[in-house]
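Structure first, then comments.
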Amino acid sequence: MNEESFAELQRIGDGDEQAFRRVFEYYSPRLNQFAYSIVKTKEAAAEIVNDVFIKIWKQREKAPSISNIRVYLYVAVKNNALNYLSSKAHRQITEPFNDIDIELSRDQSPDEKMISAELLAKITSAVESLPPRCKMIFKLVREDGLRYRDVAEILNLTINTVDAQMVIAVKRISEKVQAHFTAFPQKPVKK
């Protein structure tokens, strides 16, 4: 939706409700998942995402000035989620960022259908066993398709930190999954 995003933002700026709905429907599922990984409740995550979109609609005349809608939305959701946690902490309920957990998307692509259920389970287990920040970065890059630069901007990290966390994630996942392949019997090589 990158090239289309600019046109959609222009339409939103002109008050086009259909353009707004298309942007909302395109981005809200991943944003809900991202917000959930921070606040740990689906209701709060949905409310946070809705609040971000309500603010965009209320200030729609500013929409065309957004240079990268995807980064803008992720940063806005992250900031609102952190504000939610901060206000929650003030009410003596603290558990903000300790157990970040993003669920793997269950939409199956043709590639995923070819992977055995056992291997998929090992991959899922390997991803879930990553340290929280490492897991969040891995999922933003691999599942949401964000670039390292965008993830760095969203999480207030350096690109080098994102890169280092991705190296750690890939190494740990490959180590856990590699055992799956060594368990298969080798075909004898005919000479």
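Within each chain, counting starts at residue 1; across the structure tokens, chains are named A, B, ... in the order shown, with ligands numbered 1 upward in that order.
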
Which residues are close to stretch 19-30 of chain A, i.e. within 12 Å by only C-alpha atoms, leaving aside same-chain residues fewer than 2 positions away? Reply as a VMD selection string. chain A and resid 1 to 2 4 to 17 32 to 37 42 45 to 58 60 63 69 to 74 77 102 to 105 107 139 to 140 143 to 146

Selection: 12 Å around stretch 161-166 of chain A, only C-alpha atoms, excl. self and same-chain fewer than 2 positions, as a ChimeraX atom specification: /A:127,130-142,146-159,168-174

Go ahead and compute the interatomic distance for atom CA of A:Lys78 and atom CA of A:Thr41, in Å to one decimal. 14.3 Å

Please measure the separation of atom CA of A:Ile38 and atom CA of A:Ser125, giving the value in Å to one decimal.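 According to the coordinates, atom CA of A:Ile38 and atom CA of A:Ser125 are separated by 20.0 Å.
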
What is the distance between atom CA of A:Glu61 and atom CA of A:Ala76, in Å to one decimal?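 That distance, rounded to one decimal, is 17.4 Å.
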
Enumerate, as a PyMOL selection string, the complete set of residues in stretch 4-162 of chain A that a backbone-based DSSP assignment places in helix (DSSP H, G or I). chain A and resi 4-13+17-39+42-58+60-65+69-90+110-114+117-128+132-142+148-155+159-162

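For the residues A:Lys62, A:Val39, A:Thr124, A:Glu118, ranking by smallest atom-to-atom distance to A:Asn79 using only C-alpha atoms places A:Val39 first.
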